[in-house]
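The structure file run-v1.cif is reproduced below (mmCIF, C-alpha atoms).
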```cif
data_input
#
loop_
_atom_site.label_atom_id
_atom_site.label_comp_id
_atom_site.auth_asym_id
_atom_site.auth_seq_id
_atom_site.Cartn_x
_atom_site.Cartn_y
_atom_site.Cartn_z
CA MET A 915 15.28 25.24 -32.24
CA VAL A 916 16.35 21.79 -31.18
CA GLY A 917 20.05 22.56 -31.58
CA GLN A 918 19.73 25.48 -29.18
CA ARG A 919 18.45 23.42 -26.28
CA PRO A 920 20.96 23.07 -23.43
CA ARG A 921 22.71 19.74 -23.05
CA ARG A 922 21.85 17.81 -19.91
CA ALA A 923 25.36 17.24 -18.64
CA GLY A 924 23.96 16.54 -15.17
CA LEU A 925 21.93 13.60 -16.45
CA ALA A 926 25.00 11.99 -18.02
CA ARG A 927 27.03 12.61 -14.87
CA VAL A 928 24.38 11.04 -12.60
CA HIS A 929 23.81 7.90 -14.67
CA LYS A 930 27.57 7.32 -14.91
CA ALA A 931 27.85 7.73 -11.13
CA ALA A 932 25.08 5.14 -10.77
CA GLY A 933 27.13 2.71 -12.87
CA PHE A 934 25.21 3.00 -16.15
CA THR A 935 26.63 3.58 -19.61
CA GLN A 936 24.31 4.92 -22.29
CA GLU A 937 23.84 1.37 -23.55
CA SER A 938 23.15 -0.23 -20.16
CA LEU A 939 20.78 2.57 -19.11
CA ALA A 940 18.88 2.23 -22.38
CA HIS A 941 18.58 -1.53 -21.85
CA ALA A 942 17.44 -1.14 -18.23
CA ILE A 943 14.76 1.45 -19.04
CA GLY A 944 13.60 -0.29 -22.25
CA VAL A 945 14.61 2.22 -24.95
CA ASP A 946 17.26 2.48 -27.68
CA ARG A 947 20.69 3.93 -26.96
CA ALA A 948 19.86 6.71 -29.42
CA THR A 949 16.99 7.76 -27.17
CA VAL A 950 19.31 8.17 -24.19
CA VAL A 951 21.68 10.19 -26.40
CA ARG A 952 18.79 12.50 -27.30
CA TRP A 953 17.82 12.82 -23.63
CA GLU A 954 21.34 13.94 -22.78
CA ALA A 955 21.42 16.32 -25.75
CA GLY A 956 18.19 17.99 -24.67
CA GLU A 957 16.46 16.94 -27.89
CA ARG A 958 13.93 14.68 -26.22
CA THR A 959 12.35 14.37 -22.76
CA PRO A 960 11.43 10.96 -21.28
CA LEU A 961 7.71 10.22 -21.35
CA PRO A 962 5.90 10.29 -17.96
CA GLN A 963 5.67 6.50 -17.88
CA LYS A 964 9.48 6.26 -18.28
CA ARG A 965 10.39 8.88 -15.68
CA LEU A 966 9.38 6.81 -12.65
CA GLY A 967 11.60 3.93 -13.74
CA LEU A 968 14.44 6.28 -14.70
CA ALA A 969 14.44 7.99 -11.30
CA ASN A 970 14.40 4.59 -9.62
CA LEU A 971 17.37 3.33 -11.63
CA LEU A 972 19.38 6.49 -10.95
CA ASN A 973 18.35 6.44 -7.28
CA VAL A 974 17.15 10.06 -7.33
CA THR A 975 13.86 11.67 -6.38
CA MET A 976 11.42 12.73 -9.07
CA ALA A 977 12.08 16.37 -8.19
CA ARG A 978 15.82 15.84 -8.74
CA LEU A 979 15.16 14.06 -12.06
CA ASP A 980 13.03 16.98 -13.19
CA GLU A 981 15.96 19.29 -12.41
CA LEU A 982 18.28 17.11 -14.49
CA LEU A 983 15.77 17.13 -17.37
CA ASN A 984 14.95 20.86 -17.09
CA VAL A 985 11.23 20.17 -16.95
CA PRO A 986 8.58 21.90 -14.77
CA THR A 987 7.92 20.21 -11.45
CA THR A 988 4.28 21.27 -10.98
CA THR A 989 1.13 21.58 -13.04
CA GLU A 990 -1.06 24.65 -13.24
CA ARG A 991 -2.94 23.33 -10.20
CA GLY A 992 0.30 23.11 -8.25
CA MET A 993 0.32 19.29 -8.18
CA PRO A 994 3.57 17.38 -8.78
CA VAL A 995 3.96 16.41 -12.45
CA GLU A 996 5.12 12.94 -11.41
CA LEU A 997 1.66 12.17 -10.01
CA VAL A 998 -0.34 13.46 -12.98
CA ALA A 999 1.02 11.33 -15.79
CA ALA A 1000 -0.88 11.55 -19.06
CA ASP A 1001 -1.65 7.85 -18.97
CA ILE A 1002 -2.18 6.49 -15.46
CA VAL A 1003 -2.01 2.91 -16.76
CA GLY A 1004 1.39 3.51 -18.34
CA SER A 1005 2.64 5.00 -15.08
CA VAL A 1006 1.47 1.96 -13.12
CA MET A 1007 3.30 -0.36 -15.49
CA ALA A 1008 6.49 1.72 -15.32
CA LEU A 1009 6.27 1.60 -11.54
CA GLY A 1010 5.85 -2.16 -11.60
CA GLY A 1011 8.95 -2.62 -13.74
CA ALA A 1012 10.99 -0.31 -11.54
CA ASP A 1013 9.81 -2.14 -8.42
CA VAL A 1014 11.17 -5.42 -9.72
CA ASP A 1015 14.52 -3.93 -10.75
CA ARG A 1016 15.32 -1.72 -7.76
CA ARG A 1017 13.13 -1.05 -4.75
CA ALA A 1018 14.38 2.40 -3.83
CA PHE A 1019 12.62 4.68 -1.39
CA PHE A 1020 10.59 7.49 -2.95
CA GLY A 1021 9.90 10.48 -0.70
CA LEU A 1022 6.96 12.84 -1.18
CA SER A 1023 5.93 15.66 1.11
CA ALA A 1024 2.78 15.15 3.15
CA SER A 1025 1.01 17.92 1.25
CA ALA A 1026 1.85 16.31 -2.10
CA VAL A 1027 0.48 12.95 -0.94
CA VAL A 1028 -2.78 14.49 0.22
CA ALA A 1029 -3.16 16.58 -2.93
CA ALA A 1030 -2.52 13.60 -5.19
CA ALA A 1031 -4.80 11.29 -3.24
CA PHE A 1032 -7.66 13.79 -3.34
CA ASP A 1033 -7.43 14.18 -7.12
CA ARG A 1034 -10.69 12.94 -8.59
CA GLY A 1035 -9.07 11.24 -11.59
CA ASP A 1036 -10.05 11.52 -15.22
CA PRO A 1037 -13.61 10.24 -15.84
CA GLU A 1038 -13.03 10.33 -19.60
CA ALA A 1039 -9.84 8.26 -19.50
CA ILE A 1040 -11.56 4.95 -20.17
CA THR A 1041 -13.75 6.38 -22.93
CA ARG A 1042 -10.67 7.66 -24.76
CA ARG A 1043 -8.92 4.30 -24.45
CA VAL A 1044 -11.95 2.46 -25.85
CA GLY A 1045 -11.39 4.23 -29.16
CA ARG A 1046 -7.97 2.64 -29.63
CA VAL A 1047 -7.50 0.10 -32.36
CA GLY A 1048 -5.26 -2.94 -32.08
CA GLY A 1049 -3.96 -5.17 -29.35
CA VAL A 1050 -5.60 -8.22 -27.85
CA ARG A 1051 -9.36 -8.23 -27.50
CA VAL A 1052 -10.35 -8.17 -23.85
CA GLY A 1053 -13.58 -9.41 -22.33
CA ALA A 1054 -15.03 -10.67 -19.09
CA GLY A 1055 -12.63 -13.63 -18.99
CA GLU A 1056 -9.55 -11.46 -18.60
CA VAL A 1057 -11.21 -9.43 -15.84
CA THR A 1058 -12.13 -12.65 -14.04
CA ALA A 1059 -8.55 -13.89 -14.37
CA ILE A 1060 -7.15 -10.73 -12.73
CA ARG A 1061 -9.59 -11.03 -9.85
CA ALA A 1062 -8.82 -14.72 -9.35
CA MET A 1063 -5.09 -14.01 -9.30
CA THR A 1064 -5.58 -11.10 -6.88
CA LYS A 1065 -7.50 -13.38 -4.52
CA ALA A 1066 -4.91 -16.15 -4.67
CA LEU A 1067 -1.99 -13.78 -4.15
CA GLY A 1068 -3.87 -11.87 -1.45
CA ASP A 1069 -4.65 -15.05 0.47
CA THR A 1070 -0.96 -16.01 0.44
CA ALA A 1071 0.14 -12.55 1.59
CA ALA A 1072 -2.46 -12.39 4.37
CA GLU A 1073 -1.37 -15.80 5.66
CA LEU A 1074 2.42 -15.54 5.41
CA GLY A 1075 3.21 -11.86 4.86
CA GLY A 1076 3.65 -9.60 1.85
CA ALA A 1077 7.21 -10.67 1.00
CA HIS A 1078 6.19 -14.18 -0.08
CA ALA A 1079 4.24 -13.24 -3.23
CA ARG A 1080 5.45 -9.72 -3.94
CA GLN A 1081 7.59 -10.39 -6.99
CA LEU A 1082 5.00 -12.71 -8.51
CA THR A 1083 2.34 -10.03 -8.07
CA VAL A 1084 4.39 -7.36 -9.80
CA ARG A 1085 5.44 -9.69 -12.61
CA TYR A 1086 1.82 -10.64 -13.24
CA LEU A 1087 0.86 -6.98 -13.29
CA VAL A 1088 3.58 -6.09 -15.79
CA ASP A 1089 3.69 -9.19 -17.99
CA GLU A 1090 0.05 -10.30 -18.09
CA VAL A 1091 -2.18 -7.32 -17.26
CA ARG A 1092 -0.36 -4.73 -19.37
CA PRO A 1093 -1.30 -6.30 -22.76
CA TRP A 1094 -4.94 -6.34 -21.68
CA LEU A 1095 -4.90 -2.69 -20.65
CA ASP A 1096 -3.36 -1.84 -24.02
CA GLY A 1097 -5.89 -4.02 -25.82
CA THR A 1098 -9.33 -3.46 -27.32
CA TYR A 1099 -12.43 -3.52 -25.11
CA SER A 1100 -15.86 -1.99 -24.62
CA GLU A 1101 -16.45 0.83 -22.16
CA THR A 1102 -18.22 -1.54 -19.75
CA THR A 1103 -15.37 -4.02 -19.88
CA GLY A 1104 -12.87 -1.17 -19.60
CA ARG A 1105 -14.36 0.00 -16.32
CA GLU A 1106 -14.32 -3.52 -14.91
CA LEU A 1107 -10.75 -3.93 -16.14
CA PHE A 1108 -9.66 -0.71 -14.41
CA VAL A 1109 -11.39 -1.77 -11.18
CA ALA A 1110 -9.78 -5.22 -11.20
CA THR A 1111 -6.37 -3.69 -11.94
CA ALA A 1112 -6.84 -1.15 -9.13
CA GLU A 1113 -7.40 -4.03 -6.70
CA LEU A 1114 -4.24 -5.79 -7.90
CA VAL A 1115 -2.20 -2.57 -7.71
CA HIS A 1116 -3.52 -1.97 -4.19
CA LEU A 1117 -2.42 -5.46 -3.22
CA ALA A 1118 1.08 -4.72 -4.54
CA GLY A 1119 1.07 -1.60 -2.37
CA TRP A 1120 0.00 -3.55 0.69
CA MET A 1121 2.79 -6.07 0.07
CA ALA A 1122 5.37 -3.30 -0.26
CA ARG A 1123 4.16 -1.68 2.96
CA ASP A 1124 4.24 -5.01 4.79
CA ALA A 1125 7.85 -5.39 3.61
CA GLY A 1126 8.67 -1.95 5.04
CA GLU A 1127 9.15 -0.28 1.63
CA HIS A 1128 6.94 2.73 2.20
CA GLY A 1129 7.96 4.83 -0.79
CA VAL A 1130 7.01 2.16 -3.32
CA ALA A 1131 3.85 1.33 -1.37
CA GLN A 1132 2.80 4.97 -1.41
CA ARG A 1133 3.04 5.13 -5.18
CA TYR A 1134 1.06 1.92 -5.66
CA TYR A 1135 -1.71 3.29 -3.42
CA LEU A 1136 -1.78 6.57 -5.33
CA HIS A 1137 -2.02 4.75 -8.65
CA SER A 1138 -4.72 2.44 -7.31
CA HIS A 1139 -6.68 5.53 -6.29
CA GLY A 1140 -6.24 6.99 -9.77
CA LEU A 1141 -7.48 3.85 -11.49
CA ALA A 1142 -10.47 3.58 -9.14
CA ALA A 1143 -11.34 7.25 -9.62
CA ASP A 1144 -11.12 6.89 -13.40
CA ALA A 1145 -13.50 3.93 -13.18
CA GLY A 1146 -15.88 5.82 -10.88
CA ASN A 1147 -15.56 3.23 -8.11
CA HIS A 1148 -15.90 5.08 -4.79
CA GLU A 1149 -15.30 2.04 -2.61
CA LEU A 1150 -11.94 1.23 -4.19
CA ALA A 1151 -10.95 4.90 -4.12
CA ALA A 1152 -11.77 4.98 -0.40
CA THR A 1153 -9.76 1.79 0.13
CA ALA A 1154 -6.70 3.36 -1.48
CA LEU A 1155 -7.09 6.43 0.75
CA ARG A 1156 -7.36 4.07 3.71
CA GLY A 1157 -4.09 2.40 2.71
CA LEU A 1158 -2.36 5.78 2.51
CA ALA A 1159 -3.77 6.74 5.92
CA ASP A 1160 -2.49 3.51 7.47
CA GLN A 1161 0.93 4.11 5.98
CA ALA A 1162 1.00 7.69 7.29
CA LEU A 1163 0.19 6.31 10.76
CA ASP A 1164 3.07 3.83 10.44
CA LEU A 1165 5.44 6.69 9.64
CA GLY A 1166 4.17 9.02 12.36
CA HIS A 1167 2.62 11.60 9.99
CA THR A 1168 -0.44 12.05 12.17
CA ALA A 1169 -1.99 15.12 10.52
CA THR A 1170 -1.67 13.56 7.07
CA ALA A 1171 -3.10 10.28 8.36
CA LEU A 1172 -6.11 12.04 9.87
CA SER A 1173 -6.79 13.97 6.66
CA LEU A 1174 -6.58 10.84 4.52
CA ALA A 1175 -8.61 8.72 6.96
CA ASP A 1176 -11.33 11.35 7.09
CA ALA A 1177 -11.43 11.41 3.28
CA ALA A 1178 -11.64 7.61 3.16
CA ASP A 1179 -14.45 7.64 5.71
CA ARG A 1180 -16.41 10.26 3.74
CA THR A 1181 -15.73 8.66 0.35
CA GLY A 1182 -16.76 5.19 1.50
CA GLY A 1183 -19.32 6.20 4.09
CA HIS A 1184 -22.31 5.66 1.79
CA VAL A 1185 -21.19 2.29 0.41
CA ALA A 1186 -23.91 -0.30 0.91
CA GLU A 1187 -21.58 -3.00 2.27
CA PRO A 1188 -21.58 -2.64 6.11
CA LYS A 1189 -18.11 -4.19 6.48
CA ALA A 1190 -16.76 -1.50 4.17
CA ARG A 1191 -18.34 1.25 6.29
CA ALA A 1192 -16.80 -0.30 9.42
CA TYR A 1193 -13.44 -0.56 7.61
CA TYR A 1194 -13.24 3.17 6.90
CA ALA A 1195 -14.78 4.36 10.17
CA THR A 1196 -12.33 2.30 12.23
CA THR A 1197 -9.41 3.71 10.28
CA HIS A 1198 -10.72 7.22 10.98
CA ALA A 1199 -10.96 6.33 14.69
CA ARG A 1200 -7.36 5.07 14.79
CA ALA A 1201 -6.07 8.24 13.13
CA ALA A 1202 -8.11 10.43 15.47
CA ALA A 1203 -6.79 8.54 18.51
CA ALA A 1204 -3.23 8.99 17.26
CA ASP A 1205 -4.01 12.73 17.01
CA ASN A 1206 -5.32 12.69 20.62
CA ASP A 1207 -8.85 13.50 19.42
CA ALA A 1208 -10.72 11.17 21.77
CA ALA A 1209 -14.20 12.51 20.90
CA THR A 1210 -13.83 11.78 17.17
CA ALA A 1211 -12.20 8.43 17.87
CA ARG A 1212 -15.09 7.27 20.05
CA SER A 1213 -17.69 8.65 17.63
CA ARG A 1214 -16.21 6.73 14.67
CA LEU A 1215 -15.83 3.59 16.80
CA SER A 1216 -19.56 3.76 17.49
CA VAL A 1217 -20.31 4.01 13.78
CA ALA A 1218 -18.00 1.07 13.04
CA HIS A 1219 -19.56 -1.02 15.82
CA THR A 1220 -23.05 -0.49 14.40
CA ALA A 1221 -21.91 -1.28 10.86
CA ILE A 1222 -20.03 -4.46 11.75
CA GLY A 1223 -23.11 -5.64 13.62
CA HIS A 1224 -24.99 -5.69 10.30
CA ALA A 1225 -22.26 -7.54 8.41
CA VAL A 1226 -22.97 -10.89 6.81
CA GLY A 1227 -20.63 -13.81 7.38
CA GLU A 1228 -19.33 -14.43 3.87
CA PRO A 1229 -16.85 -11.96 2.36
CA GLY A 1230 -17.90 -10.14 -0.79
CA ALA A 1231 -15.96 -9.47 -3.97
CA THR A 1232 -14.19 -6.28 -2.91
CA TRP A 1233 -11.18 -5.63 -0.69
CA ALA A 1234 -13.20 -3.83 2.01
CA SER A 1235 -15.89 -6.51 2.12
CA HIS A 1236 -13.26 -8.94 3.44
CA TYR A 1237 -13.00 -6.86 6.63
CA SER A 1238 -13.92 -9.44 9.24
CA PRO A 1239 -15.38 -8.87 12.72
CA SER A 1240 -12.14 -10.25 14.19
CA ARG A 1241 -10.06 -7.66 12.31
CA TRP A 1242 -12.49 -4.97 13.45
CA ALA A 1243 -12.08 -6.13 17.07
CA HIS A 1244 -8.26 -6.06 16.75
CA GLU A 1245 -8.18 -2.54 15.31
CA THR A 1246 -10.76 -1.32 17.83
CA ALA A 1247 -8.50 -2.64 20.58
CA SER A 1248 -5.64 -0.50 19.28
CA VAL A 1249 -7.86 2.60 19.51
CA HIS A 1250 -8.85 1.83 23.12
CA ALA A 1251 -5.21 1.21 24.02
CA ARG A 1252 -4.22 4.52 22.49
CA LEU A 1253 -6.94 6.23 24.52
CA GLY A 1254 -5.62 4.58 27.70
CA ASP A 1255 -8.53 2.16 28.23
CA PHE A 1256 -6.50 -1.03 28.58
CA THR A 1257 -9.42 -3.05 29.92
CA ALA A 1258 -11.56 -2.36 26.84
CA ALA A 1259 -8.52 -3.01 24.63
CA GLU A 1260 -7.91 -6.42 26.21
CA GLU A 1261 -11.58 -7.30 25.91
CA HIS A 1262 -11.53 -6.57 22.19
CA LEU A 1263 -8.34 -8.56 21.65
CA ASP A 1264 -9.92 -11.52 23.45
CA LEU A 1265 -12.99 -11.00 21.25
CA ALA A 1266 -10.82 -11.08 18.12
CA LEU A 1267 -9.41 -14.45 19.17
CA THR A 1268 -12.85 -15.76 20.14
CA LEU A 1269 -14.36 -14.77 16.79
CA GLY A 1270 -11.61 -16.70 15.06
CA ILE A 1271 -8.66 -15.57 12.96
CA ASP A 1272 -7.81 -17.64 9.91
CA ARG A 1273 -4.47 -16.01 9.05
CA ARG A 1274 -1.18 -16.76 10.81
CA ARG A 1275 0.11 -13.23 10.31
CA THR A 1276 -2.96 -11.60 11.90
CA GLN A 1277 -3.06 -14.18 14.70
CA ALA A 1278 0.55 -13.39 15.55
CA MET A 1279 -0.11 -9.65 15.63
CA VAL A 1280 -3.13 -10.01 17.90
CA LEU A 1281 -1.19 -12.22 20.33
CA ALA A 1282 1.73 -9.78 20.39
CA ASP A 1283 -0.62 -6.91 21.28
CA LEU A 1284 -2.48 -8.99 23.86
CA GLY A 1285 0.77 -9.94 25.61
CA LEU A 1286 1.81 -6.29 25.85
CA LEU A 1287 -1.54 -5.27 27.32
CA ARG A 1288 -1.36 -8.04 29.90
CA LEU A 1289 2.16 -6.98 30.84
CA ARG A 1290 1.01 -3.40 31.31
CA LYS A 1291 -1.76 -4.63 33.61
CA GLY A 1292 0.75 -6.57 35.70
CA ASP A 1293 -0.22 -10.02 34.40
CA THR A 1294 3.26 -11.35 33.60
CA ASP A 1295 2.16 -14.98 33.29
CA GLY A 1296 -0.61 -13.98 30.87
CA ALA A 1297 1.86 -11.96 28.80
CA LEU A 1298 4.30 -14.88 28.58
CA HIS A 1299 1.49 -17.21 27.54
CA SER A 1300 0.37 -14.86 24.74
CA TRP A 1301 3.94 -14.31 23.52
CA THR A 1302 4.65 -18.03 23.47
CA GLN A 1303 1.67 -18.45 21.18
CA PHE A 1304 2.94 -15.48 19.14
CA ALA A 1305 6.25 -17.26 18.55
CA HIS A 1306 4.36 -20.29 17.19
CA TYR A 1307 2.18 -18.33 14.75
CA ALA A 1308 5.02 -16.03 13.63
CA GLU A 1309 7.04 -18.99 12.39
CA GLY A 1310 7.33 -18.79 8.60
CA VAL A 1311 5.68 -15.35 8.34
CA HIS A 1312 7.72 -12.70 6.51
CA SER A 1313 6.30 -9.35 7.62
CA THR A 1314 8.02 -6.26 8.98
CA ARG A 1315 5.15 -5.71 11.41
CA VAL A 1316 5.58 -9.20 12.86
CA ASP A 1317 9.36 -8.73 12.93
CA THR A 1318 8.93 -5.45 14.81
CA SER A 1319 6.67 -7.17 17.34
CA ALA A 1320 9.27 -9.90 17.82
CA ARG A 1321 11.99 -7.32 18.51
CA ASP A 1322 9.78 -5.45 20.98
CA ILE A 1323 8.87 -8.65 22.81
CA THR A 1324 12.52 -9.72 23.02
CA ILE A 1325 13.48 -6.40 24.61
CA ARG A 1326 10.67 -6.65 27.17
CA LEU A 1327 11.56 -10.25 28.00
CA ARG A 1328 14.97 -9.09 29.25
CA THR A 1329 13.25 -7.44 32.21
CA ILE A 1330 11.25 -10.55 33.15
CA PRO A 1331 13.02 -13.11 35.39
CA GLY A 1332 12.59 -16.87 35.12
CA ASN A 1333 13.23 -19.75 32.75
CA THR A 1334 10.07 -19.25 30.72
CA ALA A 1335 11.07 -15.73 29.69
CA ALA A 1336 14.65 -16.84 28.95
CA THR A 1337 13.50 -19.78 26.81
CA LEU A 1338 11.10 -17.59 24.84
CA ARG A 1339 13.78 -14.93 24.34
CA ASP A 1340 16.11 -17.58 22.91
CA ALA A 1341 13.34 -18.83 20.63
CA LEU A 1342 12.81 -15.35 19.20
CA HIS A 1343 16.53 -14.58 18.93
CA THR A 1344 16.95 -16.17 15.49
CA ARG A 1345 14.02 -14.24 14.05
CA VAL A 1346 15.15 -10.93 15.49
CA HIS A 1347 18.73 -11.27 14.19
CA ARG A 1348 18.13 -12.95 10.83
#
```
Have the structure of the file written as structure tokens, please.
Amino acid sequence: MVGQRPRRAGLARVHKAAGFTQESLAHAIGVDRATVVRWEAGERTPLPQKRLGLANLLNVTMARLDELLNVPTTTERGMPVELVAADIVGSVMALGGADVDRRAFFGLSASAVVAAAFDRGDPEAITRRVGRVGGVRVGAGEVTAIRAMTKALGDTAAELGGAHARQLTVRYLVDEVRPWLDGTYSETTGRELFVATAELVHLAGWMARDAGEHGVAQRYYLHSHGLAADAGNHELAATALRGLADQALDLGHTATALSLADAADRTGGHVAEPKARAYYATTHARAAAADNDAATARSRLSVAHTAIGHAVGEPGATWASHYSPSRWAHETASVHARLGDFTAAEEHLDLALTLGIDRRRTQAMVLADLGLLRLRKGDTDGALHSWTQFAHYAEGVHSTRVDTSARDITIRLRTIPGNTAATLRDALHTRVHR
């Protein structure tokens, strides 16, 4: 009976410690105070789409929240409940709201990330949603609007870093896209709507990662994968896996990165777009190089080289089809550098600059890497020249990767005598210590 359920004294204790009364917690999570009272009394359990936001507000992990709520932490398949919400769209929207309110770090074990990312989604999810009645009527115009906004926001982020348009992206996702997802649409439109939303969610993940907020980024990537899998879009699913692999590389989780990169390569390996094939194969090569698997790294580089050679000049409609030959050259250089072939790495960085880079953020990153390679080869003047150009292109870019490069360069400049190095170090000082 309801009256026999144990009270959740721990939940009340934790939300008070976090500075929330019943009223303020209810307001923050978007429910009535009576609902919070029932949660504490054990009479009700927060819906899956509320739990992500609740954990974020209380600054606890999902596992800890499940303990406070006395709910099971895994499904019959052993997957974390938090990653198998009944309504993936609702979970995305809850995540978006929580991201705006408090960007806390969410930690998941490597095995949980891989298990969740490999989940094939629910192919009937869209069909079930089509049967709903009510809400705004959605057609091709709304899908086009999402894609146009994703392109505009993506262009800004690629030029000046993820921090510049992050909040606008999440607000658009929550305030504008949510009514469309909850609206009325045909199955064909529904699939296009899920695909467009997956691209926007992936962009939000990329922005979070570029801002150094890996926990939030991880969840966006996982939700993007779920939306893409529900829509049956293998290319977008592979792109989400690629994002997770890149993030795992950033964090030093090499085995997880290799597993995810291999899955992205296999999932997207038969996509017709050659730039997409190069995109996934190069990621696989970078993960293999980080795992000291030189044979696999070189094999996947060969595949990527062949694919990029067949790429057309104009970018297509999808995320992966925007993978340019200059970006391929930059990432290929990182693989060669990891394998110890600094000459090949420098050649590919020079190639990236020769092919042309139209984004300040990417230009800065290439120049930072080129300067380091030249320093390692004993070309101090060449390194200083590249880093001086880096300082120019990094101006106005808000990106943790560019900030990290600036800090690394500043440290290395301390060991280089002369006025040029001192002047450059002073120029980067403000950025490093802001």
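This file, queried with the PyMOL selection byres ((chain A and resi 1103-1108) around 9), gives the residues Val1003, Ile1040, Thr1041, Arg1043, Val1044, Val1052, Gly1053, Ala1054, Glu1056, Val1057, Ile1060, Trp1094, Leu1095, Thr1098, Tyr1099, Ser1100, Glu1101, Thr1102, Val1109, Ala1110, Thr1111, Ala1112, Glu1113, Leu1141, Ala1142, Asp1144, Ala1145, Gly1146 and Asn1147 of chain A.
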Handout entry: Hits of the PyMOL selection byres ((chain A and resi 1258-1274) around 10) in this structure, as a ChimeraX atom specification
Key = /A:1069-1075,1238-1257,1275-1281,1283-1288,1291,1304,1306-1311
On this structure, the PyMOL selection byres ((chain A and resi 1323) around 9) would catch which residues? List them as a compact mmCIF listing (two decimals) with C-alpha atoms, in the coordinates of the input, sorted by chain and number.
```txt
# COMPACT_ATOMS: atom_id res chain seq x y z
CA ALA A 1282 1.73 -9.78 20.39
CA GLY A 1285 0.77 -9.94 25.61
CA LEU A 1286 1.81 -6.29 25.85
CA TRP A 1301 3.94 -14.31 23.52
CA THR A 1318 8.93 -5.45 14.81
CA SER A 1319 6.67 -7.17 17.34
CA ALA A 1320 9.27 -9.90 17.82
CA ARG A 1321 11.99 -7.32 18.51
CA ASP A 1322 9.78 -5.45 20.98
CA THR A 1324 12.52 -9.72 23.02
CA ILE A 1325 13.48 -6.40 24.61
CA ARG A 1326 10.67 -6.65 27.17
CA LEU A 1327 11.56 -10.25 28.00
CA ARG A 1328 14.97 -9.09 29.25
CA ARG A 1339 13.78 -14.93 24.34
CA LEU A 1342 12.81 -15.35 19.20
```
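Proximity ranking of A:Arg1092, A:His1198, A:Arg1212, A:Lys1065 relative to A:Leu1114 places A:Lys1065 first, based on only C-alpha atoms.
Nearest residue to A:Met1121, choosing from A:Leu1298, A:Ala1169, A:Val1185, A:His1312 and counting only C-alpha atoms: A:His1312.
If you look at atom CA of A:Leu972 and atom CA of A:Asp1089, they are 23.3 Å away from each other.
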Practice task
Please provide the set of residues having any atom within 12 Å of A:His1236, restricted to only C-alpha atoms, with same-chain residues fewer than 6 positions apart removed, written as JSON, numbers by chain.
Solution key: {"A": [1065, 1068, 1069, 1072, 1153, 1187, 1188, 1189, 1190, 1191, 1192, 1193, 1222, 1225, 1226, 1227, 1228, 1229, 1230, 1242]}
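From atom CA of A:His1299 back to atom CA of A:Ala1336, the distance works out to 13.2 Å.
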